[in-house]
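Structure file work.cif (mmCIF, C-alpha atoms) is printed below.
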```cif
data_upload
#
loop_
_atom_site.group_PDB
_atom_site.id
_atom_site.type_symbol
_atom_site.label_atom_id
_atom_site.label_comp_id
_atom_site.auth_asym_id
_atom_site.auth_seq_id
_atom_site.Cartn_x
_atom_site.Cartn_y
_atom_site.Cartn_z
ATOM 1 C CA MET A 1 10.768 22.339 25.996
ATOM 2 C CA ARG A 2 7.093 21.854 26.810
ATOM 3 C CA ILE A 3 6.245 21.471 23.151
ATOM 4 C CA LEU A 4 8.755 18.606 22.928
ATOM 5 C CA LYS A 5 7.153 16.930 25.944
ATOM 6 C CA TYR A 6 3.781 17.315 24.254
ATOM 7 C CA VAL A 7 5.019 15.837 20.977
ATOM 8 C CA LYS A 8 6.603 12.857 22.766
ATOM 9 C CA ALA A 9 3.575 12.218 25.007
ATOM 10 C CA ASP A 10 1.285 9.244 24.465
ATOM 11 C CA LEU A 11 -2.458 9.764 23.880
ATOM 12 C CA ALA A 12 -3.339 10.145 27.560
ATOM 13 C CA GLY A 13 -0.287 12.286 28.255
ATOM 14 C CA SER A 14 -1.019 14.592 25.330
ATOM 15 C CA GLU A 15 -4.290 15.647 26.977
ATOM 16 C CA GLU A 16 -2.629 16.803 30.217
ATOM 17 C CA ALA A 17 -2.051 20.478 31.060
ATOM 18 C CA PHE A 18 1.373 21.687 29.906
ATOM 19 C CA ASP A 19 1.191 25.288 31.169
ATOM 20 C CA ASP A 20 2.104 26.571 27.725
ATOM 21 C CA SER A 21 -0.164 28.713 25.548
ATOM 22 C CA TYR A 22 1.109 27.232 22.273
ATOM 23 C CA VAL A 23 0.594 23.673 23.488
ATOM 24 C CA LYS A 24 -2.877 24.637 24.685
ATOM 25 C CA GLN A 25 -3.688 25.987 21.191
ATOM 26 C CA LEU A 26 -2.501 22.727 19.645
ATOM 27 C CA GLN A 27 -4.577 20.710 22.091
ATOM 28 C CA ASN A 28 -7.686 22.770 21.291
ATOM 29 C CA PHE A 29 -7.071 22.488 17.552
ATOM 30 C CA ILE A 30 -6.639 18.714 17.730
ATOM 31 C CA CYS A 31 -9.751 18.416 19.873
ATOM 32 C CA LYS A 32 -11.765 20.346 17.253
ATOM 33 C CA ILE A 33 -10.405 18.158 14.459
ATOM 34 C CA LYS A 34 -11.238 14.965 16.330
ATOM 35 C CA GLY A 35 -14.774 16.240 16.945
ATOM 36 C CA SER A 36 -15.402 17.296 13.362
ATOM 37 C CA ARG A 37 -17.102 14.727 11.134
ATOM 38 C CA LYS A 38 -16.066 16.708 8.059
ATOM 39 C CA MET A 39 -12.385 16.655 9.083
ATOM 40 C CA GLU A 40 -12.633 12.947 9.850
ATOM 41 C CA GLU A 41 -13.910 12.364 6.304
ATOM 42 C CA ARG A 42 -11.080 14.471 4.874
ATOM 43 C CA PHE A 43 -8.486 12.500 6.820
ATOM 44 C CA MET A 44 -10.001 9.232 5.614
ATOM 45 C CA ILE A 45 -9.859 10.453 2.006
ATOM 46 C CA PHE A 46 -6.284 11.613 2.528
ATOM 47 C CA GLU A 47 -5.358 8.222 3.998
ATOM 48 C CA GLU A 48 -6.862 6.449 0.973
ATOM 49 C CA MET A 49 -4.925 8.739 -1.361
ATOM 50 C CA LEU A 50 -1.689 7.901 0.462
ATOM 51 C CA LYS A 51 -2.432 4.171 0.206
ATOM 52 C CA GLU A 52 -2.991 4.520 -3.532
ATOM 53 C CA GLU A 53 0.252 6.469 -3.947
ATOM 54 C CA ARG A 54 2.205 3.851 -1.998
ATOM 55 C CA GLU A 55 0.728 1.060 -4.110
ATOM 56 C CA GLU A 56 1.566 2.942 -7.309
ATOM 57 C CA GLY A 57 5.129 3.326 -6.027
ATOM 58 C CA ARG A 58 5.364 -0.379 -5.251
ATOM 59 C CA GLU A 59 4.033 -1.266 -8.688
ATOM 60 C CA GLU A 60 6.551 1.063 -10.312
ATOM 61 C CA GLY A 61 9.337 -0.520 -8.273
ATOM 62 C CA ARG A 62 8.270 -4.018 -9.337
ATOM 63 C CA SER A 63 8.147 -2.885 -12.952
ATOM 64 C CA VAL A 64 11.663 -1.403 -12.807
ATOM 65 C CA LEU A 65 13.038 -4.559 -11.166
ATOM 66 C CA LYS A 66 11.437 -6.771 -13.802
ATOM 67 C CA GLU A 67 12.767 -4.628 -16.661
ATOM 68 C CA THR A 68 16.267 -4.604 -15.193
ATOM 69 C CA LEU A 69 16.187 -8.351 -14.592
ATOM 70 C CA LEU A 70 15.067 -9.008 -18.157
ATOM 71 C CA LEU A 71 17.783 -6.730 -19.553
ATOM 72 C CA CYS A 72 20.367 -8.608 -17.543
ATOM 73 C CA LEU A 73 19.061 -11.992 -18.706
ATOM 74 C CA GLN A 74 18.954 -10.869 -22.346
ATOM 75 C CA SER A 75 22.733 -10.612 -22.230
ATOM 76 C CA PHE A 76 22.692 -14.456 -22.123
ATOM 77 C CA GLY A 77 20.514 -14.685 -25.239
ATOM 78 C CA ASP A 78 16.834 -15.347 -25.854
ATOM 79 C CA ILE A 79 14.773 -15.779 -22.709
ATOM 80 C CA PRO A 80 12.404 -18.775 -22.838
ATOM 81 C CA ASP A 81 8.715 -17.809 -22.768
ATOM 82 C CA GLU A 82 8.051 -19.753 -19.541
ATOM 83 C CA VAL A 83 10.837 -17.835 -17.713
ATOM 84 C CA LEU A 84 9.610 -14.549 -19.151
ATOM 85 C CA GLU A 85 6.037 -15.298 -18.028
ATOM 86 C CA GLN A 86 7.213 -16.337 -14.560
ATOM 87 C CA ILE A 87 9.123 -13.073 -14.135
ATOM 88 C CA GLN A 88 6.219 -10.967 -15.437
ATOM 89 C CA ALA A 89 3.753 -12.732 -13.099
ATOM 90 C CA GLN A 90 5.898 -12.322 -9.977
ATOM 91 C CA GLN A 91 4.606 -9.658 -7.579
ATOM 92 C CA ASP A 92 6.784 -10.294 -4.514
ATOM 93 C CA MET A 93 9.540 -7.669 -4.359
ATOM 94 C CA GLU A 94 11.822 -9.901 -2.284
ATOM 95 C CA VAL A 95 11.607 -12.710 -4.839
ATOM 96 C CA LEU A 96 12.379 -10.249 -7.632
ATOM 97 C CA LYS A 97 15.364 -8.874 -5.706
ATOM 98 C CA ASN A 98 16.672 -12.389 -5.113
ATOM 99 C CA TRP A 99 16.269 -13.218 -8.794
ATOM 100 C CA MET A 100 18.163 -10.054 -9.665
ATOM 101 C CA GLN A 101 21.064 -11.063 -7.435
ATOM 102 C CA THR A 102 20.976 -14.562 -8.875
ATOM 103 C CA ALA A 103 21.059 -13.166 -12.417
ATOM 104 C CA PHE A 104 24.107 -11.029 -11.633
ATOM 105 C CA ARG A 105 25.937 -14.031 -10.166
ATOM 106 C CA SER A 106 24.968 -16.486 -12.913
ATOM 107 C CA LYS A 107 27.254 -17.221 -15.819
ATOM 108 C CA THR A 108 24.524 -18.618 -18.073
ATOM 109 C CA LEU A 109 20.757 -18.440 -18.472
ATOM 110 C CA GLU A 110 20.536 -22.134 -17.588
ATOM 111 C CA GLU A 111 22.356 -21.483 -14.303
ATOM 112 C CA PHE A 112 19.939 -18.673 -13.490
ATOM 113 C CA VAL A 113 16.889 -20.837 -14.254
ATOM 114 C CA GLN A 114 18.224 -23.653 -12.032
ATOM 115 C CA LYS A 115 18.685 -21.226 -9.124
ATOM 116 C CA MET A 116 15.335 -19.472 -9.502
#
```
How would this structure read if it were set down as structure tokens?
Amino acid sequence: MRILKYVKADLAGSEEAFDDSYVKQLQNFICKIKGSRKMEERFMIFEEMLKEEREEGREEGRSVLKETLLLCLQSFGDIPDEVLEQIQAQQDMEVLKNWMQTAFRSKTLEEFVQKM
């Protein structure tokens, strides 16, 4: 139970004595990590790597949404270049999701374009 109290504790509370050898080991380990410049650099590199991975995931998600939207719109016929360019240039996931819903509800390409 003491380990759960430690995990739930805020920063100040996590530094208190918990009368538990395992918690004490964790506290010592975390203290060493915080005091190590090398570990700080590693964590910063790791954080940058995670940011890059998240951005790659977002970009992949945008790409999939755009492809799906274009496939849906192609069922209406040829997509005008200006609509195609507008879809390709859009980076906001919420806008793309709304366009996708609009495309599914539209009966014609003209209706979709009006509701964009």
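Coordinates place CA of Asp78 (chain A) at a distance of 25.6 Å from CA of Glu59 (chain A).
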_Residue members of the PyMOL selection byres ((chain A and resi 17) around 12) in the file shown, as a list in words_ = Arg2, Ile3, Lys5, Tyr6, Ala9, Ala12, Gly13, Ser14, Glu15, Glu16, Phe18, Asp19, Asp20, Ser21, Tyr22, Val23, Lys24, Gln25, Leu26, Gln27 and Asn28 of chain A
*Name the residues that the PyMOL selection byres ((chain A and resi 87) around 10) pulls out of this structure, and write them as an NGL selection string.*
:A and (65-67 or 69-70 or 81-86 or 88-91 or 95-96 or 99)
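Pairwise distance (CA of Asn98 (chain A), CA of Arg62 (chain A)) equals 12.6 Å.
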*Pick from A:Arg42, A:Ile33, A:Thr68, A:Glu47: nearest to Phe104 (chain A), with all atoms listed in the file counted?*
A:Thr68
Taking the file as shown, find all residues satisfying the PyMOL selection byres ((chain A and resi 103) around 10) and write them as a PDB file with C-alpha atoms, in the frame of the given file.
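The resulting file, out-v3.pdb, is shown below:
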```
ATOM      1  CA  LEU A  69      16.187  -8.351 -14.592  1.00  0.00           C
ATOM      2  CA  LEU A  70      15.067  -9.008 -18.157  1.00  0.00           C
ATOM      3  CA  CYS A  72      20.367  -8.608 -17.543  1.00  0.00           C
ATOM      4  CA  LEU A  73      19.061 -11.992 -18.706  1.00  0.00           C
ATOM      5  CA  PHE A  76      22.692 -14.456 -22.123  1.00  0.00           C
ATOM      6  CA  LYS A  97      15.364  -8.874  -5.706  1.00  0.00           C
ATOM      7  CA  ASN A  98      16.672 -12.389  -5.113  1.00  0.00           C
ATOM      8  CA  TRP A  99      16.269 -13.218  -8.794  1.00  0.00           C
ATOM      9  CA  MET A 100      18.163 -10.054  -9.665  1.00  0.00           C
ATOM     10  CA  GLN A 101      21.064 -11.063  -7.435  1.00  0.00           C
ATOM     11  CA  THR A 102      20.976 -14.562  -8.875  1.00  0.00           C
ATOM     12  CA  PHE A 104      24.107 -11.029 -11.633  1.00  0.00           C
ATOM     13  CA  ARG A 105      25.937 -14.031 -10.166  1.00  0.00           C
ATOM     14  CA  SER A 106      24.968 -16.486 -12.913  1.00  0.00           C
ATOM     15  CA  LYS A 107      27.254 -17.221 -15.819  1.00  0.00           C
ATOM     16  CA  THR A 108      24.524 -18.618 -18.073  1.00  0.00           C
ATOM     17  CA  LEU A 109      20.757 -18.440 -18.472  1.00  0.00           C
ATOM     18  CA  GLU A 111      22.356 -21.483 -14.303  1.00  0.00           C
ATOM     19  CA  PHE A 112      19.939 -18.673 -13.490  1.00  0.00           C
ATOM     20  CA  VAL A 113      16.889 -20.837 -14.254  1.00  0.00           C
ATOM     21  CA  LYS A 115      18.685 -21.226  -9.124  1.00  0.00           C
ATOM     22  CA  MET A 116      15.335 -19.472  -9.502  1.00  0.00           C
TER      23      MET A 116
END
```
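Note that the spacing between CA of Glu52 (chain A) and CA of Asp92 (chain A) amounts to 17.8 Å.
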Region 103-106 of chain A: axis-aligned bounding box, 3 Å on each side, centre and edge lengths in Å, one decimal, as AutoDock Vina command-line options:
```
--center_x 23.5 --center_y -13.8 --center_z -11.5 --size_x 10.9 --size_y 11.5 --size_z 8.7
```
